[in-house]
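Participant: Got work-v2.pdb for you, PDB, C-alpha atoms and all ligand atoms:
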```
ATOM      1  CA  MET A   1      -3.136   4.806  16.327
ATOM      2  CA  GLY A   2      -0.119   2.622  16.503
ATOM      3  CA  CYS A   3       0.230  -1.064  17.058
ATOM      4  CA  GLY A   4       2.102  -0.783  20.339
ATOM      5  CA  GLY A   5       4.075  -3.918  19.736
ATOM      6  CA  THR A   6       0.990  -6.041  20.261
ATOM      7  CA  MET A   7      -1.012  -8.312  18.028
ATOM      8  CA  THR A   8      -4.402  -6.840  17.144
ATOM      9  CA  ASP A   9      -6.671  -7.007  14.100
ATOM     10  CA  GLU A  10      -5.362  -3.623  13.031
ATOM     11  CA  CYS A  11      -1.835  -4.942  13.245
ATOM     12  CA  GLU A  12      -2.278  -8.383  11.734
ATOM     13  CA  TRP A  13       0.961 -10.186  11.002
ATOM     14  CA  ASP A  14       2.021 -10.178   7.336
ATOM     15  CA  ALA A  15       3.370 -13.711   7.022
ATOM     16  CA  GLU A  16       4.208 -13.388   3.351
ATOM     17  CA  LEU A  17       6.259 -10.264   3.994
ATOM     18  CA  ALA A  18       8.047 -11.890   6.928
ATOM     19  CA  GLU A  19       8.892 -14.895   4.771
ATOM     20  CA  ALA A  20      10.304 -12.594   2.094
ATOM     21  CA  ALA A  21      12.471 -10.976   4.768
ATOM     22  CA  ARG A  22      13.629 -14.433   5.881
ATOM     23  CA  GLY A  23      14.568 -15.287   2.307
ATOM     24  CA  ALA A  24      16.583 -12.077   1.998
ATOM     25  CA  MET A  25      18.309 -12.841   5.304
ATOM     26  CA  GLY A  26      19.848 -15.836   3.562
ATOM     27  CA  HIS A  27      21.756 -13.379   1.372
ATOM     28  CA  ALA A  28      23.116 -11.286   4.229
ATOM     29  CA  TYR A  29      26.773 -10.416   3.823
ATOM     30  CA  ALA A  30      27.750 -10.242   7.474
ATOM     31  CA  PRO A  31      31.178 -11.874   7.937
ATOM     32  CA  TYR A  32      32.166  -9.360  10.635
ATOM     33  CA  SER A  33      29.149  -9.108  12.935
ATOM     34  CA  ARG A  34      27.942 -12.650  12.150
ATOM     35  CA  PHE A  35      24.475 -11.109  12.645
ATOM     36  CA  ALA A  36      22.280 -11.696   9.599
ATOM     37  CA  VAL A  37      19.270  -9.492   8.892
ATOM     38  CA  GLY A  38      16.726  -9.568   6.094
ATOM     39  CA  ALA A  39      14.131  -6.903   5.358
ATOM     40  CA  ALA A  40      11.150  -6.766   3.026
ATOM     41  CA  VAL A  41       9.157  -3.718   1.973
ATOM     42  CA  ARG A  42       5.449  -4.010   1.124
ATOM     43  CA  LEU A  43       4.289  -1.525  -1.505
ATOM     44  CA  ALA A  44       0.811  -0.058  -1.892
ATOM     45  CA  ASP A  45       0.127  -2.322  -4.886
ATOM     46  CA  GLY A  46       1.211  -5.416  -2.944
ATOM     47  CA  ARG A  47       4.644  -5.893  -4.476
ATOM     48  CA  ILE A  48       7.570  -6.776  -2.220
ATOM     49  CA  ILE A  49      11.135  -5.452  -2.384
ATOM     50  CA  THR A  50      13.825  -7.018  -0.200
ATOM     51  CA  GLY A  51      17.214  -6.200   1.273
ATOM     52  CA  ALA A  52      19.857  -7.837   3.415
ATOM     53  CA  ASN A  53      22.584  -6.372   5.569
ATOM     54  CA  PHE A  54      25.722  -5.627   3.598
ATOM     55  CA  GLU A  55      28.917  -5.303   5.605
ATOM     56  CA  ASN A  56      32.404  -4.185   4.655
ATOM     57  CA  ALA A  57      35.937  -4.666   5.984
ATOM     58  CA  SER A  58      35.807  -0.924   6.610
ATOM     59  CA  TYR A  59      33.117  -1.338   9.271
ATOM     60  CA  GLY A  60      31.587   2.126   8.959
ATOM     61  CA  LEU A  61      30.551   1.417   5.374
ATOM     62  CA  SER A  62      28.210  -1.378   6.418
ATOM     63  CA  LEU A  63      24.541  -1.055   5.496
ATOM     64  CA  CYS A  64      21.548  -2.399   7.385
ATOM     65  CA  ALA A  65      18.982  -4.613   5.656
ATOM     66  CA  GLU A  66      16.203  -2.055   6.116
ATOM     67  CA  THR A  67      18.224   0.726   4.488
ATOM     68  CA  VAL A  68      19.195  -1.577   1.607
ATOM     69  CA  ALA A  69      15.538  -2.512   1.077
ATOM     70  CA  ILE A  70      14.346   1.109   1.213
ATOM     71  CA  ALA A  71      17.102   2.206  -1.196
ATOM     72  CA  ALA A  72      16.148  -0.608  -3.595
ATOM     73  CA  THR A  73      12.536   0.555  -3.302
ATOM     74  CA  ASN A  74      13.648   4.033  -4.289
ATOM     75  CA  ALA A  75      15.608   2.624  -7.231
ATOM     76  CA  ALA A  76      12.405   0.937  -8.380
ATOM     77  CA  GLY A  77      10.646   4.301  -8.297
ATOM     78  CA  ASP A  78       8.424   3.378  -5.365
ATOM     79  CA  LEU A  79       9.763   5.296  -2.374
ATOM     80  CA  SER A  80       6.417   7.031  -1.845
ATOM     81  CA  ASN A  81       4.508   3.727  -2.036
ATOM     82  CA  VAL A  82       5.880   1.993   1.062
ATOM     83  CA  ARG A  83       3.141   0.631   3.338
ATOM     84  CA  ALA A  84       5.067  -1.755   5.599
ATOM     85  CA  ILE A  85       8.467  -3.249   6.239
ATOM     86  CA  ALA A  86       9.296  -6.574   7.855
ATOM     87  CA  LEU A  87      12.609  -7.533   9.364
ATOM     88  CA  ILE A  88      14.024 -10.695  10.768
ATOM     89  CA  GLY A  89      17.468 -11.494  12.010
ATOM     90  CA  GLY A  90      19.832 -12.789  14.606
ATOM     91  CA  PRO A  91      23.214 -14.358  15.213
ATOM     92  CA  MET A  92      24.377 -16.714  12.474
ATOM     93  CA  GLU A  93      25.352 -19.185  15.192
ATOM     94  CA  PRO A  94      22.549 -18.802  17.760
ATOM     95  CA  PRO A  95      22.648 -20.454  21.156
ATOM     96  CA  ALA A  96      20.729 -23.689  20.768
ATOM     97  CA  GLN A  97      18.445 -23.256  23.786
ATOM     98  CA  GLU A  98      17.561 -19.599  23.364
ATOM     99  CA  ASP A  99      15.147 -17.784  21.068
ATOM    100  CA  PRO A 100      16.041 -14.109  21.071
ATOM    101  CA  SER A 101      13.396 -11.390  21.075
ATOM    102  CA  PRO A 102      12.227  -9.835  17.814
ATOM    103  CA  ILE A 103      14.762  -7.391  16.426
ATOM    104  CA  THR A 104      13.768  -3.795  15.763
ATOM    105  CA  PRO A 105      15.353  -1.270  13.375
ATOM    106  CA  CYS A 106      18.390   0.675  14.584
ATOM    107  CA  GLY A 107      18.031   4.424  15.024
ATOM    108  CA  ARG A 108      19.425   5.242  11.607
ATOM    109  CA  CYS A 109      17.012   2.870   9.869
ATOM    110  CA  ARG A 110      14.094   4.338  11.804
ATOM    111  CA  GLN A 111      14.998   7.714  10.315
ATOM    112  CA  VAL A 112      15.204   6.174   6.821
ATOM    113  CA  ILE A 113      11.792   4.516   7.228
ATOM    114  CA  ALA A 114      10.354   7.786   8.579
ATOM    115  CA  GLU A 115      11.459   9.534   5.373
ATOM    116  CA  ALA A 116       9.467   6.980   3.346
ATOM    117  CA  ALA A 117       6.464   7.558   5.646
ATOM    118  CA  MET A 118       6.709  11.302   5.073
ATOM    119  CA  LEU A 119       6.704  10.760   1.301
ATOM    120  CA  ALA A 120       3.828   8.275   1.548
ATOM    121  CA  GLY A 121       1.828  10.708   3.651
ATOM    122  CA  ARG A 122       0.962   7.924   6.085
ATOM    123  CA  ASP A 123       2.397   5.794   8.842
ATOM    124  CA  ILE A 124       4.329   2.625   7.979
ATOM    125  CA  LYS A 125       3.900  -0.678   9.798
ATOM    126  CA  VAL A 126       7.053  -2.354  11.034
ATOM    127  CA  TYR A 127       6.846  -6.142  11.460
ATOM    128  CA  CYS A 128       9.612  -7.476  13.672
ATOM    129  CA  ALA A 129      10.477 -11.153  14.042
ATOM    130  CA  SER A 130      12.936 -13.184  16.025
ATOM    131  CA  LEU A 131      15.373 -15.417  14.189
ATOM    132  CA  SER A 132      13.129 -18.475  14.438
ATOM    133  CA  GLY A 133      10.090 -16.377  13.589
ATOM    134  CA  THR A 134       8.232 -17.615  16.650
ATOM    135  CA  GLN A 135       8.351 -14.229  18.379
ATOM    136  CA  GLN A 136       6.702 -11.335  16.599
ATOM    137  CA  ALA A 137       5.946  -7.692  17.276
ATOM    138  CA  VAL A 138       4.173  -5.075  15.190
ATOM    139  CA  TYR A 139       4.844  -1.362  15.514
ATOM    140  CA  THR A 140       4.381   1.731  13.421
ATOM    141  CA  ILE A 141       7.338   3.895  12.506
ATOM    142  CA  SER A 142       5.787   6.808  14.395
ATOM    143  CA  GLU A 143       5.883   4.654  17.536
ATOM    144  CA  LEU A 144       9.492   3.633  16.966
ATOM    145  CA  LEU A 145      10.631   7.151  16.096
ATOM    146  CA  PRO A 146       8.363   9.795  17.596
ATOM    147  CA  HIS A 147       9.163  13.424  16.798
ATOM    148  CA  ALA A 148      11.275  12.401  13.790
ATOM    149  CA  PHE A 149      13.377  14.965  11.990
ATOM    150  CA  SER A 150      11.817  15.631   8.600
ATOM    151  CA  ALA A 151      11.716  17.968   5.631
ATOM    152  CA  ALA A 152       9.194  20.050   7.570
ATOM    153  CA  ASP A 153      12.001  21.057   9.931
ATOM    154  CA  PHE A 154      13.719  22.931   7.122
ATOM    155  CA  SER A 155      10.815  25.338   6.853
ATOM    156  CA  ALA A 156      10.003  25.583  10.555
TER     157      ALA A 156
HETATM  158 ZN    ZN B   1      19.826  -0.062  10.799
END
```
Please lay out the structure from this file as structure tokens.
Facilitator:
Amino acid sequence: MGCGGTMTDECEWDAELAEAARGAMGHAYAPYSRFAVGAAVRLADGRIITGANFENASYGLSLCAETVAIAATNAAGDLSNVRAIALIGGPMEPPAQEDPSPITPCGRCRQVIAEAAMLAGRDIKVYCASLSGTQQAVYTISELLPHAFSAADFSA
């Protein structure tokens, strides 16, 4: 069962994780897009590992916050222990009167998160927040990327 982007008991908001993502967003290196994103991974033992988007003058080299956070999780030896990931982001100079919708992972990041879910042997919650944090949505990675390509496809 997924969370369907709605708030239920099963899909309770992880405020601590969202705050960690907000803190990481402050370290975003995004001089080209001017769109800052922070991500925070929740591990099975409760620890949190963060990432921020990391751009480059050679645009194609840029890395999303979620991918940075998942790669840092792998470097810590915990890729199979991911239980949830939170992300928050938006324009560095937002329109004053508008609160954008919660951001969701790009397609590439969904694939990266799905790899962690495969290794964990379980679905991963994805907490999505708007820049101000006032708008929230909770999904599972299987909802965001159904029929994901995986290692199982190699042996199909
Ligand atoms: Zn991405």
Participant: Which polymer residues have any atom within 8 Å of an atom of region 35-46 of chain A, counting all atoms listed in the file, with same-chain residues fewer than 5 positions away left out, as a ChimeraX atom specification?
Facilitator: /A:17-18,20-30,51-53,64-66,69-70,73,78,81-92
Participant: Take the residues that were just selected and, keeping C-alpha atoms, output them as an mmCIF file, in the coordinates of the input.
Facilitator:
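Listed below is the output, selection.cif:
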```
data_model
loop_
_atom_site.group_PDB
_atom_site.id
_atom_site.type_symbol
_atom_site.label_atom_id
_atom_site.label_comp_id
_atom_site.auth_asym_id
_atom_site.auth_seq_id
_atom_site.Cartn_x
_atom_site.Cartn_y
_atom_site.Cartn_z
ATOM 1 C CA LEU A 17 6.259 -10.264 3.994
ATOM 2 C CA ALA A 18 8.047 -11.890 6.928
ATOM 3 C CA ALA A 20 10.304 -12.594 2.094
ATOM 4 C CA ALA A 21 12.471 -10.976 4.768
ATOM 5 C CA ARG A 22 13.629 -14.433 5.881
ATOM 6 C CA GLY A 23 14.568 -15.287 2.307
ATOM 7 C CA ALA A 24 16.583 -12.077 1.998
ATOM 8 C CA MET A 25 18.309 -12.841 5.304
ATOM 9 C CA GLY A 26 19.848 -15.836 3.562
ATOM 10 C CA HIS A 27 21.756 -13.379 1.372
ATOM 11 C CA ALA A 28 23.116 -11.286 4.229
ATOM 12 C CA TYR A 29 26.773 -10.416 3.823
ATOM 13 C CA ALA A 30 27.750 -10.242 7.474
ATOM 14 C CA GLY A 51 17.214 -6.200 1.273
ATOM 15 C CA ALA A 52 19.857 -7.837 3.415
ATOM 16 C CA ASN A 53 22.584 -6.372 5.569
ATOM 17 C CA CYS A 64 21.548 -2.399 7.385
ATOM 18 C CA ALA A 65 18.982 -4.613 5.656
ATOM 19 C CA GLU A 66 16.203 -2.055 6.116
ATOM 20 C CA ALA A 69 15.538 -2.512 1.077
ATOM 21 C CA ILE A 70 14.346 1.109 1.213
ATOM 22 C CA THR A 73 12.536 0.555 -3.302
ATOM 23 C CA ASP A 78 8.424 3.378 -5.365
ATOM 24 C CA ASN A 81 4.508 3.727 -2.036
ATOM 25 C CA VAL A 82 5.880 1.993 1.062
ATOM 26 C CA ARG A 83 3.141 0.631 3.338
ATOM 27 C CA ALA A 84 5.067 -1.755 5.599
ATOM 28 C CA ILE A 85 8.467 -3.249 6.239
ATOM 29 C CA ALA A 86 9.296 -6.574 7.855
ATOM 30 C CA LEU A 87 12.609 -7.533 9.364
ATOM 31 C CA ILE A 88 14.024 -10.695 10.768
ATOM 32 C CA GLY A 89 17.468 -11.494 12.010
ATOM 33 C CA GLY A 90 19.832 -12.789 14.606
ATOM 34 C CA PRO A 91 23.214 -14.358 15.213
ATOM 35 C CA MET A 92 24.377 -16.714 12.474
#
```
Participant: Can you turn the PyMOL selection byres (((chain A and resi 111) around 10) and not hetatm) into a concrete residue list for this file, as number ranges by chain?
Facilitator: A: 67, 105-110, 112-117, 141, 144-145, 148-150
Participant: Choose the residue, out of A:Gly133, A:Pro146, A:Gly60, A:Pro31, that has the smallest atom-to-atom separation from Pro102 (chain A); count all atoms listed in the file.
Facilitator: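 Under the stated criterion, the closest residue is A:Gly133.
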Participant: Of the candidates A:Ala15, A:Val68, A:Ala57, A:Ala75, which one gets nearest to ligand ZN 1 (chain B) if we count all atoms listed in the file?
Facilitator: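 Of all the options, A:Val68 lies closest to ligand ZN 1 (chain B).
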Participant: Rank nothing, just name the residue among A:Tyr32, A:Leu79, A:Thr104, A:Leu61 nearest to ligand ZN 1 (chain B), using all atoms listed in the file.
Facilitator: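 Using all atoms listed in the file, ligand ZN 1 (chain B) sits closest to A:Thr104.
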Participant: Kindly give the distance, in Å, that separates CA of Glu12 (chain A) and CA of His147 (chain A), rounded to a single decimal.
Facilitator: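 One can read the CA of Glu12 (chain A) to CA of His147 (chain A) distance as 25.1 Å.
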Participant: If I take CA of Asp123 (chain A) and CA of Ser142 (chain A), how far is one from the other in Å, to one decimal?
Facilitator: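 So the answer is 6.6 Å.
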Participant: Enter the distance from CA of Asp99 (chain A) to CA of Ser62 (chain A), in Å, rounded to one decimal.
Facilitator: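 Rounded to one decimal, the two atoms are 25.6 Å apart.
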Participant: Can you tell me, as AutoDock Vina command-line options, the centre and edge lengths (Å, one decimal) of the axis-aligned box enclosing all of region 33-41 of chain A's listed atoms after padding each side by 8 Å?
Facilitator:
```
--center_x 19.2 --center_y -8.2 --center_z 7.5 --size_x 36.0 --size_y 24.9 --size_z 27.0
```
Participant: Given all atoms listed in the file as the basis, pick out the residue of A:Leu63, A:Ile48, A:Ala151, A:Ala71 nearest to ligand ZN 1 (chain B).
Facilitator: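 Of A:Leu63, A:Ile48, A:Ala151, A:Ala71, the one nearest ligand ZN 1 (chain B) is A:Leu63, counting all atoms listed in the file.
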Participant: Would you please work out which residue, of A:Phe54, A:Ser80, A:Ser101, A:Phe154, is nearest to ligand ZN 1 (chain B) when using only C-alpha atoms and all ligand atoms?
Facilitator: A:Phe54
Participant: Give the answer as one residue: which of A:Thr134, A:Ala129, A:Ser33, A:Asn74 has the shortest atom-to-atom distance to Glu55 (chain A), using all atoms listed in the file?
Facilitator: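 The answer is A:Ser33, which sits nearest to Glu55 (chain A).
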Participant: Keeping just all heavy atoms, export region 64-78 of chain A of this structure as a JSON list (two decimals), in the first residue's frame.
Facilitator:
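Final output, saved to selection-v1.json:
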```
[["chain", "number", "residue", "atom", "x", "y", "z"],
["A", 64, "CYS", "N", 21.57, 15.94, -8.51],
["A", 64, "CYS", "CA", 20.42, 16.28, -7.68],
["A", 64, "CYS", "C", 20.70, 15.97, -6.21],
["A", 64, "CYS", "O", 21.51, 15.10, -5.89],
["A", 64, "CYS", "CB", 19.20, 15.48, -8.11],
["A", 64, "CYS", "SG", 18.59, 15.83, -9.76],
["A", 65, "ALA", "N", 19.99, 16.64, -5.34],
["A", 65, "ALA", "CA", 20.15, 16.45, -3.89],
["A", 65, "ALA", "C", 19.88, 15.01, -3.48],
["A", 65, "ALA", "O", 20.58, 14.45, -2.63],
["A", 65, "ALA", "CB", 19.21, 17.39, -3.14],
["A", 66, "GLU", "N", 18.84, 14.40, -4.07],
["A", 66, "GLU", "CA", 18.49, 13.03, -3.68],
["A", 66, "GLU", "C", 19.61, 12.06, -4.04],
["A", 66, "GLU", "O", 19.96, 11.17, -3.27],
["A", 66, "GLU", "CB", 17.19, 12.59, -4.38],
["A", 66, "GLU", "CG", 16.01, 13.50, -4.15],
["A", 66, "GLU", "CD", 15.87, 14.53, -5.26],
["A", 66, "GLU", "OE1", 16.83, 15.29, -5.52],
["A", 66, "GLU", "OE2", 14.78, 14.57, -5.86],
["A", 67, "THR", "N", 20.18, 12.23, -5.22],
["A", 67, "THR", "CA", 21.27, 11.35, -5.66],
["A", 67, "THR", "C", 22.50, 11.55, -4.79],
["A", 67, "THR", "O", 23.17, 10.58, -4.41],
["A", 67, "THR", "CB", 21.59, 11.60, -7.14],
["A", 67, "THR", "OG1", 20.46, 11.18, -7.92],
["A", 67, "THR", "CG2", 22.81, 10.83, -7.59],
["A", 68, "VAL", "N", 22.79, 12.81, -4.43],
["A", 68, "VAL", "CA", 23.92, 13.09, -3.55],
["A", 68, "VAL", "C", 23.70, 12.42, -2.19],
["A", 68, "VAL", "O", 24.62, 11.78, -1.63],
["A", 68, "VAL", "CB", 24.11, 14.61, -3.39],
["A", 68, "VAL", "CG1", 25.12, 14.93, -2.29],
["A", 68, "VAL", "CG2", 24.57, 15.22, -4.71],
["A", 69, "ALA", "N", 22.49, 12.51, -1.67],
["A", 69, "ALA", "CA", 22.19, 11.92, -0.35],
["A", 69, "ALA", "C", 22.28, 10.39, -0.40],
["A", 69, "ALA", "O", 22.80, 9.77, 0.52],
["A", 69, "ALA", "CB", 20.82, 12.36, 0.12],
["A", 70, "ILE", "N", 21.77, 9.80, -1.47],
["A", 70, "ILE", "CA", 21.81, 8.33, -1.59],
["A", 70, "ILE", "C", 23.25, 7.87, -1.77],
["A", 70, "ILE", "O", 23.68, 6.86, -1.19],
["A", 70, "ILE", "CB", 20.92, 7.85, -2.76],
["A", 70, "ILE", "CG1", 19.43, 8.12, -2.46],
["A", 70, "ILE", "CG2", 21.16, 6.36, -3.04],
["A", 70, "ILE", "CD1", 18.79, 7.19, -1.47],
["A", 71, "ALA", "N", 24.05, 8.61, -2.54],
["A", 71, "ALA", "CA", 25.46, 8.24, -2.74],
["A", 71, "ALA", "C", 26.23, 8.37, -1.42],
["A", 71, "ALA", "O", 27.08, 7.52, -1.11],
["A", 71, "ALA", "CB", 26.08, 9.10, -3.82],
["A", 72, "ALA", "N", 25.93, 9.40, -0.64],
["A", 72, "ALA", "CA", 26.58, 9.56, 0.67],
["A", 72, "ALA", "C", 26.16, 8.42, 1.60],
["A", 72, "ALA", "O", 26.96, 7.94, 2.41],
["A", 72, "ALA", "CB", 26.21, 10.91, 1.28],
["A", 73, "THR", "N", 24.92, 7.99, 1.48],
["A", 73, "THR", "CA", 24.43, 6.85, 2.27],
["A", 73, "THR", "C", 25.21, 5.59, 1.91],
["A", 73, "THR", "O", 25.61, 4.81, 2.78],
["A", 73, "THR", "CB", 22.92, 6.64, 2.02],
["A", 73, "THR", "OG1", 22.22, 7.82, 2.44],
["A", 73, "THR", "CG2", 22.39, 5.45, 2.79],
["A", 74, "ASN", "N", 25.46, 5.43, 0.61],
["A", 74, "ASN", "CA", 26.25, 4.27, 0.18],
["A", 74, "ASN", "C", 27.67, 4.37, 0.73],
["A", 74, "ASN", "O", 28.24, 3.38, 1.20],
["A", 74, "ASN", "CB", 26.28, 4.21, -1.35],
["A", 74, "ASN", "CG", 27.11, 3.04, -1.84],
["A", 74, "ASN", "OD1", 26.85, 1.91, -1.48],
["A", 74, "ASN", "ND2", 28.14, 3.32, -2.62],
["A", 75, "ALA", "N", 28.24, 5.57, 0.70],
["A", 75, "ALA", "CA", 29.61, 5.75, 1.19],
["A", 75, "ALA", "C", 29.70, 5.44, 2.68],
["A", 75, "ALA", "O", 30.76, 5.05, 3.17],
["A", 75, "ALA", "CB", 30.08, 7.18, 0.91],
["A", 76, "ALA", "N", 28.59, 5.60, 3.38],
["A", 76, "ALA", "CA", 28.56, 5.29, 4.81],
["A", 76, "ALA", "C", 28.30, 3.81, 5.06],
["A", 76, "ALA", "O", 28.27, 3.37, 6.22],
["A", 76, "ALA", "CB", 27.49, 6.14, 5.51],
["A", 77, "GLY", "N", 28.11, 3.07, 3.98],
["A", 77, "GLY", "CA", 27.87, 1.63, 4.11],
["A", 77, "GLY", "C", 26.44, 1.26, 4.42],
["A", 77, "GLY", "O", 26.17, 0.16, 4.91],
["A", 78, "ASP", "N", 25.51, 2.16, 4.12],
["A", 78, "ASP", "CA", 24.12, 1.96, 4.54],
["A", 78, "ASP", "C", 23.12, 1.95, 3.39],
["A", 78, "ASP", "O", 21.93, 2.19, 3.62],
["A", 78, "ASP", "CB", 23.73, 3.06, 5.53],
["A", 78, "ASP", "CG", 24.33, 2.83, 6.91],
["A", 78, "ASP", "OD1", 24.01, 1.80, 7.52],
["A", 78, "ASP", "OD2", 25.14, 3.66, 7.36]]
```
